[in-house]
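These notes are about the structure you will find just below.
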Amino acid sequence: MTHASNVCGTMMPIEKVGEFCRERGLRFFVDCAQTAGIFPIDMKRMNISALAFTGHKGLLGPQGIGGLVLENGLERKIEPLISGGTGSLSHTEQIPDFMPDRFEAGTPNLPGIIGLHAALKWIEDTGKDSIRAHELELTARFLSGLAELEEQGMLRIIGRKDLDNRTGIVSVQTMRMDIAQAAYRLDRHYGIMTRVGLHCAPSAHQTLKTYPTGTIRFSFGWANTSVHVDAALAALKEITHGL
């Protein structure tokens with residue numbers, strides 16, 4: 001399961017699910033693409049057998065780099081998607097059965113690895129707690145401003161309206177304008193980049209009752225400030241009121 005939704009930012013109870021799996025002898029696989037580098041994850045305590053992450057989101061690395069953390073022995077039960085030479089066993093044409101070579105056929109993405117290493121060093125120096133607190137402070141400011149527009153019937157907040165069990169992702173639907181048109185105006189006239197549509201998560205949108213239209217998604221990170229939040233709120237107010 002995913003650790004947090006990439007649509008509305010809601011976090012899943014992975015520790016409780018991990019306990020459920022432990023009691024029943026099940027392997028538990030978690031996708032932490034939305035939370036790695038921001039929220040603490042303890043594979044042993046949460047009973048996670050495999051943890052998948054991408055480098056270009058919360059870990060602040062370049063695109064095209066990611067990783068898979070496996071419990072001992074699990075690598076032998078997973079068939080590699082790509083097979084070929086690794087340079088570690090030159091006498092055979094078969095992929096090795098040991099880590100990390102088993103899943104790293106061909107030439108490694110060295111620029112991506114170096115970039116991710118630099119990003120991880122910065123996160124360690126800055127601290128996940130500081131990063132998380134900053135992002136959620138901006139999220140709270142944004143949600144507070146959206147509440148007024150929602151009360152006026154101009155838009156609808158999708159997902160949680162508080163900071164409990166959520167990340168710095170906020171999705172909305174504009175009620176009097178097509179969401180694609182609203183996102184276009186945010187980008188073209190205000191310089192505010194969002195992600196609009198189904199976010200490669202149609203099932204999540206069906207659960208949230210936003211399918212097939214989708215939502216406009218705002219994402220807050222370390223580089224954002226309260227000035228950016230206020231600018232986004234002002235832009236949404238102008239757009240939804242037809243100014």
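Identifiers for the structure tokens are assigned positionally: chains receive A, B, ... in sequence, residues are indexed from 1 per chain, and ligands are indexed from 1 in the order shown.
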Taking 5 positions as the minimum chain separation for residues in the same chain, which residues sit within 7 Å of segment 230-235 of chain A when counting only C-alpha atoms? Answer as a list in words. Gly145, Leu186, Tyr190 and Ile192 of chain A
Would you write out, as a Markdown table, a table of all residues in segment 104-206 of chain A that have an atom no more than 9 Å from an atom of segment 22-40 of chain A, listing for each the closest atom pair and the distance in Å to one decimal, considering only C-alpha atoms and ordering rows by chain and rising residue number?
```
| residue | atom | partner | partner_atom | distance |
| --- | --- | --- | --- | --- |
| A:Leu120 | CA | A:Gly37 | CA | 7.9 |
| A:Ile123 | CA | A:Gly37 | CA | 6.9 |
| A:Glu124 | CA | A:Gly37 | CA | 8.9 |
| A:Gly127 | CA | A:Ile38 | CA | 8.7 |
| A:Lys128 | CA | A:Ile38 | CA | 5.1 |
| A:Asp129 | CA | A:Ile38 | CA | 7.2 |
| A:Ser130 | CA | A:Ile38 | CA | 8.8 |
| A:Ile131 | CA | A:Ile38 | CA | 6.4 |
| A:Arg132 | CA | A:Ile38 | CA | 5.4 |
| A:Thr167 | CA | A:Thr35 | CA | 7.6 |
```
May I have the selected residues written with C-alpha atoms, as a PDB file, in the first residue's frame?
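out-v1.pdb, freshly written:
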```pdb
ATOM      1  CA  LEU A 120      20.154  13.084   1.315  1.00  0.00           C
ATOM      2  CA  ILE A 123      18.082  16.472   4.385  1.00  0.00           C
ATOM      3  CA  GLU A 124      20.221  15.006   7.172  1.00  0.00           C
ATOM      4  CA  GLY A 127      16.397  17.591   9.627  1.00  0.00           C
ATOM      5  CA  LYS A 128      13.183  15.840   8.600  1.00  0.00           C
ATOM      6  CA  ASP A 129      11.329  17.366  11.551  1.00  0.00           C
ATOM      7  CA  SER A 130      12.150  20.898  10.381  1.00  0.00           C
ATOM      8  CA  ILE A 131      11.169  20.100   6.804  1.00  0.00           C
ATOM      9  CA  ARG A 132       7.897  18.499   7.864  1.00  0.00           C
ATOM     10  CA  THR A 167       1.199  15.680   3.963  1.00  0.00           C
TER      11      THR A 167
END
```
When you look at Ser171 of chain A with a cut-off of 10 Å (counting only C-alpha atoms), what residues show up, excluding the ones that are within fewer than 5 positions of it in the same chain? I need them as a PyMOL selection string. chain A and resi 6-9+156-160+194-196+214-219
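Each of A:Met175, A:Val229, A:Thr139, A:Gly58 was checked against Ala119 of chain A using only C-alpha atoms; the smallest atom-to-atom distance is that of A:Gly58.
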Report as a list in words all protein, DNA and RNA residues lying within 7 Å of segment 102-110 of chain A, evaluated on only C-alpha atoms, omitting residues in the same chain fewer than 6 positions from it.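 In the requested form, the answer reads Pro80, Ile82, Ser83, Gly84, Gly85, Thr86, Ile95 and Pro96 of chain A.
Among the candidates A:Tyr184, A:Lys16, A:Ser90, A:Phe53, the one nearest to Leu236 of chain A when counting only C-alpha atoms is A:Tyr184.
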Quick one: DSSP strand (DSSP E) residues in segment 57-233 of chain A, as a ChimeraX atom specification? /A:66-70,155-158,169-174,195-197,215-219
When you look at Glu15 of chain A with a cut-off of 12 Å (counting only C-alpha atoms), what residues show up, excluding the ones that are within fewer than 4 positions of it in the same chain? I need them as a ChimeraX atom specification. /A:1,3,11,19-22,28-30,40-48
List every residue of segment 111-196 of chain A that DSSP, applied to the backbone of this structure, places in helix (DSSP H, G or I), and write the result as an NGL selection string. :A and (111-126 or 128-151 or 179-190)
Exercise: segment 147-152 of chain A partners within 10 Å, only C-alpha atoms, chain neighbours under 6 positions left out, as number ranges by chain: A: 161, 172-175, 233, 236-237, 240-241
Need the shell around Leu198 of chain A: protein/DNA/RNA residues with any atom at most 8 Å away, counting only C-alpha atoms. Skip same-chain ones fewer than 4 positions apart. Format as a list of chain:residue names?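 What passes the distance filter is A:Pro202, A:His205, A:Tyr211, A:Pro212, A:Thr213, A:Gly214, A:Thr215.
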Go ahead and write the selection's residues with all heavy atoms as a PDB file, in the first residue's frame.
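So the final result, stored in out-v9.pdb, reads:
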```pdb
ATOM      1  N   PRO A 202      -6.575   6.931 -10.901  1.00  0.00           N
ATOM      2  CA  PRO A 202      -8.024   6.937 -11.125  1.00  0.00           C
ATOM      3  C   PRO A 202      -8.814   6.268 -10.011  1.00  0.00           C
ATOM      4  O   PRO A 202      -9.916   6.724  -9.679  1.00  0.00           O
ATOM      5  CB  PRO A 202      -8.182   6.189 -12.457  1.00  0.00           C
ATOM      6  CG  PRO A 202      -6.942   5.354 -12.578  1.00  0.00           C
ATOM      7  CD  PRO A 202      -5.857   6.182 -11.949  1.00  0.00           C
ATOM      8  N   HIS A 205      -9.328   8.672  -7.176  1.00  0.00           N
ATOM      9  CA  HIS A 205     -10.344   9.671  -7.502  1.00  0.00           C
ATOM     10  C   HIS A 205     -11.751   9.066  -7.451  1.00  0.00           C
ATOM     11  O   HIS A 205     -12.713   9.761  -7.091  1.00  0.00           O
ATOM     12  CB  HIS A 205     -10.066  10.280  -8.868  1.00  0.00           C
ATOM     13  CG  HIS A 205      -9.010  11.342  -8.853  1.00  0.00           C
ATOM     14  ND1 HIS A 205      -9.251  12.628  -8.428  1.00  0.00           N
ATOM     15  CD2 HIS A 205      -7.686  11.292  -9.173  1.00  0.00           C
ATOM     16  CE1 HIS A 205      -8.139  13.340  -8.520  1.00  0.00           C
ATOM     17  NE2 HIS A 205      -7.172  12.549  -8.961  1.00  0.00           N
ATOM     18  N   TYR A 211     -13.899  11.406  -9.749  1.00  0.00           N
ATOM     19  CA  TYR A 211     -13.686  10.794 -11.062  1.00  0.00           C
ATOM     20  C   TYR A 211     -14.913  11.064 -11.927  1.00  0.00           C
ATOM     21  O   TYR A 211     -16.035  11.027 -11.439  1.00  0.00           O
ATOM     22  CB  TYR A 211     -13.487   9.284 -10.898  1.00  0.00           C
ATOM     23  CG  TYR A 211     -13.156   8.549 -12.175  1.00  0.00           C
ATOM     24  CD1 TYR A 211     -11.843   8.398 -12.589  1.00  0.00           C
ATOM     25  CD2 TYR A 211     -14.171   8.018 -12.959  1.00  0.00           C
ATOM     26  CE1 TYR A 211     -11.545   7.732 -13.768  1.00  0.00           C
ATOM     27  CE2 TYR A 211     -13.880   7.352 -14.136  1.00  0.00           C
ATOM     28  CZ  TYR A 211     -12.570   7.205 -14.536  1.00  0.00           C
ATOM     29  OH  TYR A 211     -12.262   6.557 -15.699  1.00  0.00           O
ATOM     30  N   PRO A 212     -14.763  11.358 -13.217  1.00  0.00           N
ATOM     31  CA  PRO A 212     -13.532  11.373 -14.012  1.00  0.00           C
ATOM     32  C   PRO A 212     -12.900  12.767 -14.141  1.00  0.00           C
ATOM     33  O   PRO A 212     -11.930  12.936 -14.848  1.00  0.00           O
ATOM     34  CB  PRO A 212     -14.005  10.892 -15.378  1.00  0.00           C
ATOM     35  CG  PRO A 212     -15.386  11.482 -15.491  1.00  0.00           C
ATOM     36  CD  PRO A 212     -15.959  11.444 -14.091  1.00  0.00           C
ATOM     37  N   THR A 213     -13.462  13.764 -13.475  1.00  0.00           N
ATOM     38  CA  THR A 213     -12.957  15.128 -13.627  1.00  0.00           C
ATOM     39  C   THR A 213     -11.559  15.304 -13.067  1.00  0.00           C
ATOM     40  O   THR A 213     -10.685  15.891 -13.686  1.00  0.00           O
ATOM     41  CB  THR A 213     -13.912  16.120 -12.930  1.00  0.00           C
ATOM     42  OG1 THR A 213     -15.230  15.943 -13.458  1.00  0.00           O
ATOM     43  CG2 THR A 213     -13.453  17.547 -13.174  1.00  0.00           C
ATOM     44  N   GLY A 214     -11.354  14.789 -11.847  1.00  0.00           N
ATOM     45  CA  GLY A 214     -10.071  14.966 -11.184  1.00  0.00           C
ATOM     46  C   GLY A 214     -10.055  16.223 -10.325  1.00  0.00           C
ATOM     47  O   GLY A 214     -11.108  16.788  -9.991  1.00  0.00           O
ATOM     48  N   THR A 215      -8.872  16.689  -9.989  1.00  0.00           N
ATOM     49  CA  THR A 215      -8.719  17.847  -9.112  1.00  0.00           C
ATOM     50  C   THR A 215      -7.547  18.717  -9.559  1.00  0.00           C
ATOM     51  O   THR A 215      -6.746  18.319 -10.403  1.00  0.00           O
ATOM     52  CB  THR A 215      -8.449  17.409  -7.651  1.00  0.00           C
ATOM     53  OG1 THR A 215      -7.234  16.652  -7.608  1.00  0.00           O
ATOM     54  CG2 THR A 215      -9.595  16.595  -7.091  1.00  0.00           C
TER      55      THR A 215
END
```
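Nearest residue to Gln63 of chain A, choosing from A:Ala133, A:Thr10, A:Ile179, A:Ile113 and counting only C-alpha atoms: A:Ile113.
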Given only C-alpha atoms as the counted atoms, nearest of A:His228, A:Lys209, A:Arg166, A:His117 to Ser5 of chain A: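 Checking each candidate against Ser5 of chain A, we get A:Arg166 as the closest.
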